[in-house]
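The file structure_26.txt comes next; it holds compact mmCIF, C-alpha atoms and all ligand atoms.
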```txt
# COMPACT_ATOMS: atom_id res chain seq x y z
CA GLN A 1 129.67 158.16 133.55
CA CYS A 2 128.36 158.07 137.12
CA THR A 3 131.61 159.50 138.49
CA LEU A 4 131.47 161.58 141.65
CA VAL A 5 133.09 164.96 141.06
CA CYS A 6 133.76 167.44 143.87
CA PRO A 7 134.50 171.01 142.74
CA THR A 8 136.64 171.74 145.81
CA GLY A 9 138.53 168.47 145.78
CA ALA A 10 137.38 167.83 149.37
CA LEU A 11 135.77 164.58 148.31
CA THR A 12 138.06 162.07 146.66
CA GLU A 13 137.34 158.64 145.26
CA LYS A 14 137.65 155.87 147.81
CA ASP A 15 140.86 153.93 147.19
CA ASP A 16 140.91 150.37 148.51
CA VAL A 17 144.18 149.19 146.98
CA SER A 18 145.98 149.35 150.35
CA ARG A 19 143.31 147.10 151.90
CA VAL A 20 144.02 144.48 149.23
CA TRP A 21 147.75 144.66 149.98
CA GLU A 22 147.03 144.18 153.70
CA ALA A 23 144.97 141.07 152.97
CA LEU A 24 147.57 139.67 150.55
CA GLU A 25 150.39 140.21 153.06
CA ASP A 26 148.48 138.46 155.87
CA PRO A 27 149.50 134.77 155.75
CA THR A 28 146.32 133.73 157.55
CA ARG A 29 144.07 135.04 154.75
CA VAL A 30 142.91 133.14 151.65
CA VAL A 31 142.36 135.99 149.19
CA VAL A 32 140.09 135.29 146.21
CA ALA A 33 138.98 137.59 143.40
CA GLN A 34 136.00 137.84 141.08
CA ILE A 35 136.17 139.86 137.84
CA ALA A 36 133.09 141.59 136.37
CA PRO A 37 132.19 141.18 132.66
CA ALA A 38 132.89 144.78 131.58
CA VAL A 39 136.40 144.95 133.07
CA ARG A 40 137.87 142.45 130.60
CA VAL A 41 137.18 144.67 127.58
CA SER A 42 138.42 147.94 129.10
CA VAL A 43 141.44 147.36 131.31
CA GLY A 44 143.55 146.10 128.41
CA GLU A 45 143.18 149.34 126.42
CA ALA A 46 146.55 150.49 127.70
CA TRP A 47 148.39 147.31 126.75
CA ALA A 48 149.83 146.36 123.39
CA ARG A 49 148.10 142.97 123.63
CA GLY A 50 144.75 144.50 124.66
CA ARG A 51 143.37 144.48 121.10
CA GLU A 52 142.06 141.72 118.91
CA PRO A 53 144.87 140.77 116.51
CA ASP A 54 142.47 141.01 113.52
CA GLY A 55 142.91 144.80 113.28
CA SER A 56 139.21 145.45 113.97
CA GLY A 57 139.96 147.68 116.94
CA ILE A 58 137.62 145.57 119.08
CA PRO A 59 139.15 145.06 122.52
CA ALA A 60 140.36 141.55 123.21
CA ASP A 61 139.07 139.57 126.18
CA VAL A 62 142.01 140.00 128.58
CA SER A 63 140.45 138.02 131.44
CA GLY A 64 143.04 135.23 131.05
CA ARG A 65 145.90 137.72 131.40
CA LEU A 66 144.16 139.26 134.43
CA VAL A 67 143.95 135.83 136.07
CA SER A 68 147.71 135.42 135.51
CA ALA A 69 148.43 138.90 136.84
CA LEU A 70 146.32 138.48 139.98
CA LYS A 71 147.95 135.12 140.69
CA ALA A 72 151.36 136.78 140.25
CA VAL A 73 150.34 139.42 142.80
CA GLY A 74 149.40 136.73 145.32
CA PHE A 75 145.68 135.96 144.96
CA HIS A 76 144.94 132.34 145.85
CA ALA A 77 142.12 131.90 143.34
CA VAL A 78 140.44 134.04 140.66
CA PHE A 79 136.80 133.45 139.70
CA ASP A 80 134.45 134.96 137.16
CA THR A 81 131.57 137.27 138.10
CA GLN A 82 130.04 135.99 134.87
CA PHE A 83 129.25 132.80 136.80
CA GLY A 84 127.25 135.04 139.16
CA ALA A 85 125.58 136.62 136.12
CA ASP A 86 124.41 133.21 134.87
CA LEU A 87 123.08 132.48 138.35
CA THR A 88 121.31 135.85 138.44
CA ILE A 89 119.59 134.98 135.17
CA MET A 90 118.42 131.63 136.53
CA GLU A 91 116.85 133.31 139.55
CA GLU A 92 115.57 136.45 137.85
CA THR A 93 113.94 134.57 134.98
CA HIS A 94 112.18 132.33 137.50
CA GLU A 95 110.95 135.48 139.25
CA LEU A 96 109.85 137.10 135.96
CA LEU A 97 107.84 134.05 134.87
CA ALA A 98 106.25 133.79 138.34
CA ARG A 99 105.15 137.42 138.17
CA LEU A 100 103.90 137.01 134.60
CA GLY A 101 101.93 133.98 135.75
CA SER A 102 100.33 135.76 138.70
CA GLY A 103 100.03 139.13 137.00
CA LYS A 104 101.23 140.72 140.26
CA GLU A 105 103.96 143.33 140.81
CA LEU A 106 104.54 143.86 137.10
CA PRO A 107 106.68 145.18 135.64
CA LEU A 108 109.70 143.47 137.13
CA PHE A 109 112.60 145.94 137.42
CA THR A 110 116.13 144.53 137.15
CA SER A 111 118.26 145.07 140.25
CA CYS A 112 121.84 144.45 139.05
CA CYS A 113 122.73 148.16 139.11
CA PRO A 114 123.08 149.54 142.66
CA ALA A 115 122.77 153.16 141.51
CA TRP A 116 119.39 152.38 139.91
CA VAL A 117 118.22 150.46 143.00
CA ARG A 118 119.15 153.42 145.22
CA PHE A 119 117.44 155.82 142.80
CA VAL A 120 114.16 153.88 143.12
CA GLU A 121 114.45 153.63 146.91
CA LEU A 122 115.02 157.37 147.28
CA HIS A 123 112.98 158.96 144.52
CA PHE A 124 110.20 156.46 143.79
CA PRO A 125 109.75 154.61 147.09
CA ASP A 126 106.23 153.54 146.15
CA GLN A 127 107.71 151.50 143.29
CA VAL A 128 110.29 149.54 145.31
CA HIS A 129 108.18 146.39 145.14
CA HIS A 130 108.83 146.29 141.38
CA LEU A 131 112.55 145.68 141.95
CA SER A 132 113.69 142.11 141.50
CA SER A 133 114.64 140.49 144.80
CA CYS A 134 117.70 138.96 143.08
CA ARG A 135 121.06 140.17 144.33
CA SER A 136 123.43 141.38 141.63
CA PRO A 137 126.00 139.03 140.05
CA GLN A 138 128.61 140.51 142.43
CA GLY A 139 126.31 139.74 145.39
CA MET A 140 125.45 136.19 144.31
CA MET A 141 129.09 135.43 143.58
CA GLY A 142 130.14 136.86 146.96
CA SER A 143 127.65 134.61 148.72
CA LEU A 144 129.01 131.50 146.98
CA LEU A 145 132.65 132.49 147.52
CA ARG A 146 131.90 132.86 151.23
CA ARG A 147 130.10 129.53 151.58
CA TYR A 148 130.43 127.16 148.61
CA TYR A 149 134.07 127.78 147.62
CA PRO A 150 135.46 127.09 151.16
CA ARG A 151 133.58 123.80 151.23
CA LEU A 152 135.08 122.74 147.87
CA ALA A 153 138.57 124.03 148.65
CA GLY A 154 138.62 122.68 152.21
CA VAL A 155 139.42 126.05 153.78
CA ASP A 156 137.94 127.72 156.83
CA PRO A 157 135.33 130.24 155.55
CA GLU A 158 136.50 132.69 158.23
CA ARG A 159 139.89 132.90 156.50
CA VAL A 160 138.48 133.88 153.08
CA THR A 161 138.77 137.49 151.89
CA VAL A 162 136.56 138.20 148.86
CA VAL A 163 137.76 140.95 146.49
CA SER A 164 135.55 142.10 143.61
CA ILE A 165 136.97 143.84 140.57
CA MET A 166 134.21 146.01 139.16
CA PRO A 167 133.72 148.73 136.53
CA CYS A 168 131.72 150.67 139.07
CA THR A 169 132.18 152.94 142.09
CA ALA A 170 128.60 152.20 143.25
CA LYS A 171 129.52 148.51 143.69
CA LYS A 172 131.63 149.56 146.72
CA TYR A 173 128.47 150.89 148.34
CA GLU A 174 126.48 147.81 147.26
CA ALA A 175 128.99 145.51 148.99
CA THR A 176 128.49 147.32 152.30
CA ARG A 177 124.68 147.22 152.25
CA PRO A 178 123.34 144.96 155.00
CA GLU A 179 120.61 143.83 152.58
CA LEU A 180 123.28 142.46 150.23
CA GLY A 181 125.01 140.29 152.85
CA THR A 182 123.96 136.99 154.40
CA ASP A 183 123.15 136.26 158.05
CA GLY A 184 124.22 139.76 159.07
CA ARG A 185 127.60 139.64 157.38
CA SER A 186 128.95 141.21 154.14
CA ASP A 187 129.73 138.67 151.44
CA VAL A 188 132.22 140.91 149.62
CA ASP A 189 135.09 142.37 151.68
CA ILE A 190 136.77 144.75 149.21
CA VAL A 191 135.74 146.20 145.85
CA LEU A 192 138.37 147.51 143.42
CA THR A 193 137.39 149.51 140.36
CA THR A 194 139.05 148.94 136.98
CA ARG A 195 141.25 151.99 137.70
CA GLU A 196 142.27 150.63 141.12
CA LEU A 197 143.09 147.26 139.54
CA SER A 198 145.48 149.01 137.15
CA ARG A 199 147.03 150.83 140.13
CA LEU A 200 147.46 147.58 142.10
CA LEU A 201 149.22 145.92 139.16
CA ARG A 202 151.46 148.96 138.57
CA GLN A 203 152.45 148.98 142.27
CA ALA A 204 153.26 145.26 142.00
CA GLY A 205 155.32 145.82 138.85
CA VAL A 206 153.20 143.24 137.02
CA ASP A 207 152.49 143.79 133.31
CA PRO A 208 149.46 141.60 132.44
CA GLY A 209 150.02 142.23 128.74
CA ALA A 210 153.31 140.34 128.98
CA LEU A 211 151.85 137.31 130.79
CA PRO A 212 150.39 134.18 129.21
CA PRO A 213 146.64 133.83 129.83
CA LYS A 214 145.40 131.40 132.49
CA PRO A 215 141.85 130.06 132.90
CA PHE A 216 139.61 131.10 135.76
CA ASP A 217 139.67 128.75 138.72
CA ASP A 218 137.19 125.91 138.83
CA PRO A 219 134.37 125.48 139.35
CA LEU A 220 133.07 129.04 139.70
CA GLY A 221 134.90 130.21 136.60
CA GLU A 222 132.51 128.78 134.03
CA SER A 223 130.11 131.07 132.18
CA THR A 224 127.96 131.29 129.08
CA GLY A 225 127.73 134.02 126.48
CA ALA A 226 124.54 135.26 128.19
CA ALA A 227 126.64 136.34 131.16
CA ALA A 228 129.24 138.17 129.06
CA ILE A 229 126.70 140.64 127.67
CA PHE A 230 125.65 141.82 131.17
CA GLY A 231 128.27 144.54 130.80
CA ALA A 232 126.35 146.45 128.11
CA SER A 233 122.92 148.09 128.18
CA GLY A 234 120.23 145.57 127.22
CA GLY A 235 122.48 142.61 128.01
CA VAL A 236 120.65 141.58 131.19
CA ALA A 237 117.30 141.76 129.39
CA GLU A 238 118.60 139.78 126.42
CA ALA A 239 120.10 137.10 128.69
CA ALA A 240 116.83 136.83 130.67
CA LEU A 241 114.74 136.60 127.49
CA ARG A 242 116.93 133.81 126.12
CA GLU A 243 116.38 131.86 129.36
CA ALA A 244 112.66 132.68 129.50
CA TYR A 245 112.28 131.45 125.92
CA HIS A 246 113.94 128.17 126.88
CA LEU A 247 111.67 127.75 129.92
CA ALA A 248 108.56 128.59 127.89
CA THR A 249 109.32 126.44 124.85
CA GLY A 250 111.97 123.90 125.87
CA GLN A 251 114.07 125.20 122.99
CA THR A 252 117.13 127.37 122.73
CA ALA A 253 116.45 130.86 121.40
CA ALA A 254 117.91 132.18 118.19
CA ARG A 255 120.12 134.93 119.59
CA PRO A 256 119.47 137.64 116.98
CA GLU A 257 115.78 137.81 117.92
CA PHE A 258 116.46 139.14 121.40
CA HIS A 259 119.29 141.33 120.19
CA LEU A 260 116.56 143.91 119.47
CA VAL A 261 116.75 145.08 123.10
CA ARG A 262 120.38 146.10 122.66
CA GLY A 263 121.51 149.47 121.39
CA TRP A 264 122.41 153.02 122.37
CA ASP A 265 119.05 154.83 122.58
CA ASP A 266 117.85 156.05 125.99
CA LEU A 267 114.85 153.74 125.80
CA ARG A 268 114.25 150.63 123.71
CA ALA A 269 110.84 148.97 123.88
CA VAL A 270 110.26 145.57 122.28
CA GLU A 271 107.47 143.00 122.66
CA PHE A 272 108.21 139.28 122.45
CA ASP A 273 105.97 136.24 122.18
CA LEU A 274 107.19 133.47 124.50
CA ASN A 275 105.07 130.52 123.42
CA GLY A 276 101.84 132.48 123.66
CA THR A 277 102.87 134.73 126.55
CA GLN A 278 103.49 138.31 125.48
CA VAL A 279 106.40 140.00 127.26
CA ARG A 280 106.59 143.76 126.86
CA CYS A 281 110.17 144.70 127.55
CA ALA A 282 111.78 148.12 128.04
CA VAL A 283 115.50 148.80 128.33
CA VAL A 284 116.59 152.15 129.75
CA SER A 285 120.11 153.48 129.48
CA GLY A 286 120.82 156.25 132.03
CA LEU A 287 118.82 157.61 134.97
CA LYS A 288 117.39 160.52 132.97
CA GLY A 289 115.34 158.09 130.89
CA ALA A 290 114.49 156.09 134.02
CA ARG A 291 113.09 159.18 135.74
CA ARG A 292 110.98 159.96 132.68
CA LEU A 293 109.66 156.38 132.58
CA LEU A 294 108.63 156.47 136.22
CA GLU A 295 107.35 160.05 136.40
CA THR A 296 105.09 159.68 133.37
CA GLY A 297 103.80 156.27 134.50
CA GLU A 298 104.94 154.79 131.18
CA TYR A 299 106.60 151.94 133.08
CA ARG A 300 103.10 150.46 133.57
CA SER A 301 103.05 149.62 129.86
CA TYR A 302 105.76 146.98 130.34
CA ASP A 303 106.28 143.60 131.99
CA PHE A 304 110.06 143.70 132.30
CA VAL A 305 112.22 146.80 132.64
CA GLU A 306 116.03 146.83 132.62
CA VAL A 307 117.72 150.00 133.84
CA MET A 308 121.45 150.70 133.94
CA ALA A 309 122.38 154.04 135.49
CA CYS A 310 125.40 154.59 133.23
CA PRO A 311 124.46 155.36 129.61
CA GLY A 312 125.57 152.32 127.60
CA GLY A 313 125.84 150.19 130.76
CA CYS A 314 128.86 149.09 132.80
CA ILE A 315 131.21 149.29 129.79
CA ASP A 316 131.25 153.03 130.60
CA GLY A 317 130.85 152.72 134.37
CA GLY A 318 132.21 155.19 136.89
CA GLY A 319 135.16 152.93 137.79
CA GLN A 320 136.35 152.45 134.21
CA PRO A 321 139.24 154.36 132.56
CA ARG A 322 138.24 158.03 132.52
CA HIS A 323 137.24 160.26 129.60
CA THR A 324 136.47 157.47 127.16
CA PRO A 325 135.14 158.59 123.75
CA LEU A 326 131.79 157.06 122.77
CA GLU A 327 133.37 155.19 119.88
CA ARG A 328 135.70 153.34 122.23
CA VAL A 329 132.83 152.55 124.63
CA GLN A 330 130.91 151.09 121.70
CA ARG A 331 133.92 148.97 120.80
CA ARG A 332 133.92 147.62 124.37
CA GLY A 333 130.30 146.57 123.77
CA ALA A 334 131.36 144.85 120.55
CA GLY A 335 134.08 143.11 122.56
CA LEU A 336 131.44 141.63 124.90
CA ASP A 337 129.37 140.47 121.92
CA ALA A 338 132.48 138.81 120.49
CA ILE A 339 132.97 136.94 123.79
CA ASP A 340 129.32 135.84 123.63
CA SER A 341 129.79 134.60 120.05
CA ARG A 342 132.88 132.59 120.95
CA LYS A 343 131.27 130.81 123.89
CA PRO A 344 129.91 127.33 123.18
CA ALA A 345 126.72 128.09 125.18
CA HIS A 346 124.57 131.23 125.12
CA THR A 347 121.83 130.48 127.64
CA SER A 348 122.48 130.44 131.38
CA HIS A 349 121.05 127.00 132.21
CA GLU A 350 123.65 125.51 129.83
CA ASN A 351 126.34 126.40 132.38
CA GLU A 352 127.10 122.97 133.83
CA THR A 353 128.49 124.34 137.06
CA ILE A 354 125.24 126.25 137.60
CA GLN A 355 123.42 122.91 137.43
CA ARG A 356 125.92 121.46 139.90
CA VAL A 357 125.44 124.33 142.38
CA TYR A 358 121.68 123.78 142.24
CA ARG A 359 122.22 120.05 142.87
CA ASP A 360 124.76 120.58 145.69
CA LEU A 361 123.44 123.64 147.46
CA LEU A 362 120.40 125.50 146.21
CA GLY A 363 117.87 122.91 145.08
CA GLU A 364 116.05 124.83 142.38
CA PRO A 365 115.60 128.46 141.28
CA GLY A 366 113.46 130.35 143.76
CA SER A 367 113.95 127.76 146.54
CA VAL A 368 114.13 128.71 150.22
CA GLU A 369 117.92 128.25 150.19
CA ALA A 370 118.25 130.27 146.97
CA HIS A 371 116.34 133.09 148.65
CA HIS A 372 118.55 132.85 151.72
CA LEU A 373 121.81 133.03 149.78
CA LEU A 374 120.95 134.92 146.57
CA HIS A 375 118.00 137.25 147.16
CA THR A 376 117.32 140.31 149.26
CA SER A 377 114.67 142.88 150.09
CA TYR A 378 114.66 146.65 149.79
CA THR A 379 113.16 149.38 151.92
CA PRO A 380 111.54 152.50 150.50
CA LEU A 381 113.58 155.50 151.63
CA PRO A 382 111.68 158.65 150.71
CA LEU A 383 114.26 161.38 150.13
CA ASN A 384 112.29 164.02 151.99
CA GLU A 385 112.05 161.78 155.08
CA LEU A 386 115.79 161.21 154.97
CA LEU A 387 116.42 164.95 154.77
CA LEU A 388 114.13 165.42 157.79
CA GLY A 389 115.95 162.68 159.70
CA GLY A 390 113.43 159.87 159.15
CA ASP A 391 114.48 156.47 157.94
CA GLY A 392 111.59 155.23 155.85
CA ASP A 393 108.81 152.85 156.73
CA PRO A 394 110.14 149.45 157.78
CA ALA A 395 106.64 148.01 157.42
CA ALA A 396 106.88 148.63 153.70
CA ARG A 397 109.78 146.21 153.21
CA THR A 398 109.35 144.16 150.11
CA GLY A 399 110.95 141.46 148.03
CA GLY A 400 112.42 138.10 149.00
FE1 LIG B 1 127.67 150.50 138.17
FE2 LIG B 1 127.04 152.07 136.11
FE3 LIG B 1 127.04 149.39 135.84
FE4 LIG B 1 125.17 150.62 137.31
S1 LIG B 1 125.48 150.83 135.07
S2 LIG B 1 126.30 148.76 137.86
S3 LIG B 1 126.33 152.30 138.24
S4 LIG B 1 128.82 150.68 136.25
```
Let me see the file written as C-alpha cells.
Ligand code: SF4
Amino acid sequence: QCTLVCPTGALTEKDDVSRVWEALEDPTRVVVAQIAPAVRVSVGEAWARGREPDGSGIPADVSGRLVSALKAVGFHAVFDTQFGADLTIMEETHELLARLGSGKELPLFTSCCPAWVRFVELHFPDQVHHLSSCRSPQGMMGSLLRRYYPRLAGVDPERVTVVSIMPCTAKKYEATRPELGTDGRSDVDIVLTTRELSRLLRQAGVDPGALPPKPFDDPLGESTGAAAIFGASGGVAEAALREAYHLATGQTAARPEFHLVRGWDDLRAVEFDLNGTQVRCAVVSGLKGARRLLETGEYRSYDFVEVMACPGGCIDGGGQPRHTPLERVQRRGAGLDAIDSRKPAHTSHENETIQRVYRDLLGEPGSVEAHHLLHTSYTPLPLNELLLGGDGDPAARTGG
C-alpha cells in the first residue's frame, strides 16, 4: 500500500472528518458526496452484511447501504464516482484513438492515479507529454458536481460542498492541485479515505450494515460495468479497450477478450487488433514496475500504458482498511468483477446519462468545453531542480 509511515510519529495522516462535520452543520451548505469504485467492496468488510450471501467470501457491493448511511448523517445527495469513470473512458478513448491516428505522443499513459502522475512529473519529466490530459474520475465528477448538478437541482453553485470518498490518501493531494480545478478553483472541497468514512459513521452512531440500501441520486448516479472495474489493476485499460473496440467496429466487445489485461503480475503486456489497428497495451501494477518500464525505455514498445501506484490497484489503496492480506484484496477485485457482471451495460457510451451530459453540456468527447471542464495539463518538475529550489520549466507545459 502507498501509506505514509513516519518512524517518529511526527507525521500523521491528514484527518478531514471534522471538516465534513463543519460543512454538514452549516445550514447554508448543500453537501454532496461521490463514492469511488473500490470503496464499495472494502468498507463493508467489518459488517455482517458486507459479504455476498452465497458464501463465496466475495465482498458484497455495499454502495446502497453507504448511500443510506450518508443520507442519515446529513448529506443532501450522494453520487457515484463510477459516473466519472465512464466519462473518463469517453474522453480518454477519444484521446487514445486520436494519438493512434496521428502516431504522435505514443504511448498514452493513463492519468487516473495521482501518485503515478506525480512520479512521472518528478522522476521522468521528459515523459510528461505521454500522460493523458484527462482528469481522474474524481476530478471529472467534481467538475460536474460544481457546475452541472447545481443547474439540475436549482441550487446556487456557491453553496455546494463536494466531498469525495476515496480509497486513497493521494486523492487528497490531487483535489488541491490547481491543475485539477476549473477557472482557478478546486472542484472537490474535502476528500475522505475509506478509513475516515468508517470513522465519520462511527462518530454519527450510524451502522450502514443495518440500513436498507438506497440508490445513488439521479442523474449522476448511473454507471456501467466498465466503470466498476476501475478499482482494480488493468480495469482502466480494459474499460478503454472495450470503448475503443466499439468506436473502431461499431460493435460491443466480448468482455473476456480484454480481460487479458487484468491480473496480479507487475507487468502485463497484450496486443489487440481493433478493426485493423494494432494496439499494444501494457498494464503496470506498482511504481517499481513503472520505474523499470521507463528507465529501460521499454515503454516505447507500447501504445497504451496503464499504471496504478498501488500493487493490485485502488482495491489496496493507502486509504483502505490497513494490513489487508493479499487473499482479501483479491476478493475485493472479484467483488468489482461481480458488479461489472451484474450491470446491464459494460461499455461506457451505453451510460444514458453520459449521453445526456454530452447533449446538455459538453458537445462531444474532446470538445473545447470538455477540455475546459474535464482535462488538464501537467508541468515537468525535475526532482533535482525542486531540491535546488527551482520549479520546473513552465514552457514545457503539456496536455490539454
Ligand atoms: Fe490512489 Fe493507489 Fe489508486 Fe493510485 S492506485 S489512485 S495511489 S489508491
Measuring atom to atom with all atoms listed in the file, identify which of A:Val32, A:Leu374, A:Leu362, A:Leu381 is nearest to Pro137 (chain A).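 That would be A:Leu374, the residue with the smallest distance to Pro137 (chain A).
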Show me which residues are within 6 Å of ligand LIG 1 (chain B) counting all atoms listed in the file, and format the list as a PyMOL selection string. chain A and resi 113-115+167-168+170+308-310+313-314+317-318
Report as a VMD selection string all protein, DNA and RNA residues lying within 10 Å of Phe83 (chain A), evaluated on only C-alpha atoms, omitting residues in the same chain fewer than 3 positions from it. chain A and resid 34 to 37 79 to 80 86 to 88 137 to 138 140 to 141 219 to 224 227 to 228 348 351 353 to 354
Could you check which of A:Ala244, A:Val128, A:Leu152, A:Ala237 is closest to Ser377 (chain A), using all atoms listed in the file?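 Closest residue, counting all atoms listed in the file: A:Val128.
Considering the residues A:Leu97, A:Ser164, A:Ser111, A:Ala38 and counting only C-alpha atoms, Gly366 (chain A) has its shortest atom-to-atom contact with A:Leu97.
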Env of region 100-103 of chain A: 10 Å cut, atoms = all atoms listed in the file, seq-sep filter 5 positions within chain, self excluded. Answer as an MDAnalysis selection string. chainID A and resid 94:95 108 277:279 303:304
Could you state the separation of CA of Val73 (chain A) and CA of Ala334 (chain A) in Å, given to one decimal place? 29.7 Å
With all heavy atoms as the target, complete region 162-170 of chain A and hand it back as a PDB file, in the coordinates of the input.
```pdb
ATOM      1  N   VAL A 162     137.126 138.127 150.212  1.00  0.00           N
ATOM      2  CA  VAL A 162     136.560 138.200 148.860  1.00  0.00           C
ATOM      3  C   VAL A 162     136.794 139.608 148.298  1.00  0.00           C
ATOM      4  O   VAL A 162     136.372 140.604 148.895  1.00  0.00           O
ATOM      5  CB  VAL A 162     135.053 137.889 148.880  1.00  0.00           C
ATOM      6  CG1 VAL A 162     134.451 138.033 147.474  1.00  0.00           C
ATOM      7  CG2 VAL A 162     134.793 136.488 149.433  1.00  0.00           C
ATOM      8  N   VAL A 163     137.493 139.671 147.165  1.00  0.00           N
ATOM      9  CA  VAL A 163     137.760 140.950 146.490  1.00  0.00           C
ATOM     10  C   VAL A 163     137.044 140.944 145.144  1.00  0.00           C
ATOM     11  O   VAL A 163     137.229 140.029 144.343  1.00  0.00           O
ATOM     12  CB  VAL A 163     139.286 141.141 146.255  1.00  0.00           C
ATOM     13  CG1 VAL A 163     139.551 142.462 145.531  1.00  0.00           C
ATOM     14  CG2 VAL A 163     140.050 141.088 147.575  1.00  0.00           C
ATOM     15  N   SER A 164     136.231 141.961 144.909  1.00  0.00           N
ATOM     16  CA  SER A 164     135.550 142.100 143.610  1.00  0.00           C
ATOM     17  C   SER A 164     136.271 143.133 142.772  1.00  0.00           C
ATOM     18  O   SER A 164     136.656 144.186 143.290  1.00  0.00           O
ATOM     19  CB  SER A 164     134.112 142.608 143.800  1.00  0.00           C
ATOM     20  OG  SER A 164     133.369 141.723 144.557  1.00  0.00           O
ATOM     21  N   ILE A 165     136.392 142.858 141.486  1.00  0.00           N
ATOM     22  CA  ILE A 165     136.970 143.840 140.570  1.00  0.00           C
ATOM     23  C   ILE A 165     135.861 144.269 139.623  1.00  0.00           C
ATOM     24  O   ILE A 165     135.357 143.469 138.833  1.00  0.00           O
ATOM     25  CB  ILE A 165     138.185 143.250 139.844  1.00  0.00           C
ATOM     26  CG1 ILE A 165     139.234 142.931 140.925  1.00  0.00           C
ATOM     27  CG2 ILE A 165     138.732 144.242 138.821  1.00  0.00           C
ATOM     28  CD1 ILE A 165     140.383 142.134 140.484  1.00  0.00           C
ATOM     29  N   MET A 166     135.454 145.524 139.757  1.00  0.00           N
ATOM     30  CA  MET A 166     134.210 146.010 139.160  1.00  0.00           C
ATOM     31  C   MET A 166     134.452 147.259 138.314  1.00  0.00           C
ATOM     32  O   MET A 166     135.393 148.027 138.593  1.00  0.00           O
ATOM     33  CB  MET A 166     133.219 146.370 140.286  1.00  0.00           C
ATOM     34  CG  MET A 166     132.786 145.184 141.125  1.00  0.00           C
ATOM     35  SD  MET A 166     131.543 144.183 140.266  1.00  0.00           S
ATOM     36  CE  MET A 166     132.143 142.525 140.562  1.00  0.00           C
ATOM     37  N   PRO A 167     133.580 147.519 137.345  1.00  0.00           N
ATOM     38  CA  PRO A 167     133.720 148.730 136.530  1.00  0.00           C
ATOM     39  C   PRO A 167     133.060 149.940 137.178  1.00  0.00           C
ATOM     40  O   PRO A 167     132.841 150.958 136.538  1.00  0.00           O
ATOM     41  CB  PRO A 167     132.954 148.345 135.253  1.00  0.00           C
ATOM     42  CG  PRO A 167     131.884 147.431 135.761  1.00  0.00           C
ATOM     43  CD  PRO A 167     132.485 146.658 136.897  1.00  0.00           C
ATOM     44  N   CYS A 168     132.775 149.860 138.474  1.00  0.00           N
ATOM     45  CA  CYS A 168     131.720 150.670 139.070  1.00  0.00           C
ATOM     46  C   CYS A 168     132.108 151.154 140.466  1.00  0.00           C
ATOM     47  O   CYS A 168     132.501 150.337 141.306  1.00  0.00           O
ATOM     48  CB  CYS A 168     130.505 149.756 139.155  1.00  0.00           C
ATOM     49  SG  CYS A 168     129.082 150.445 139.946  1.00  0.00           S
ATOM     50  N   THR A 169     131.955 152.449 140.727  1.00  0.00           N
ATOM     51  CA  THR A 169     132.180 152.940 142.090  1.00  0.00           C
ATOM     52  C   THR A 169     130.993 152.584 142.992  1.00  0.00           C
ATOM     53  O   THR A 169     131.172 152.365 144.187  1.00  0.00           O
ATOM     54  CB  THR A 169     132.386 154.466 142.066  1.00  0.00           C
ATOM     55  OG1 THR A 169     131.391 155.052 141.217  1.00  0.00           O
ATOM     56  CG2 THR A 169     133.750 154.846 141.527  1.00  0.00           C
ATOM     57  N   ALA A 170     129.786 152.506 142.433  1.00  0.00           N
ATOM     58  CA  ALA A 170     128.600 152.200 143.250  1.00  0.00           C
ATOM     59  C   ALA A 170     128.641 150.767 143.806  1.00  0.00           C
ATOM     60  O   ALA A 170     127.968 150.459 144.783  1.00  0.00           O
ATOM     61  CB  ALA A 170     127.330 152.398 142.425  1.00  0.00           C
TER      62      ALA A 170
END
```
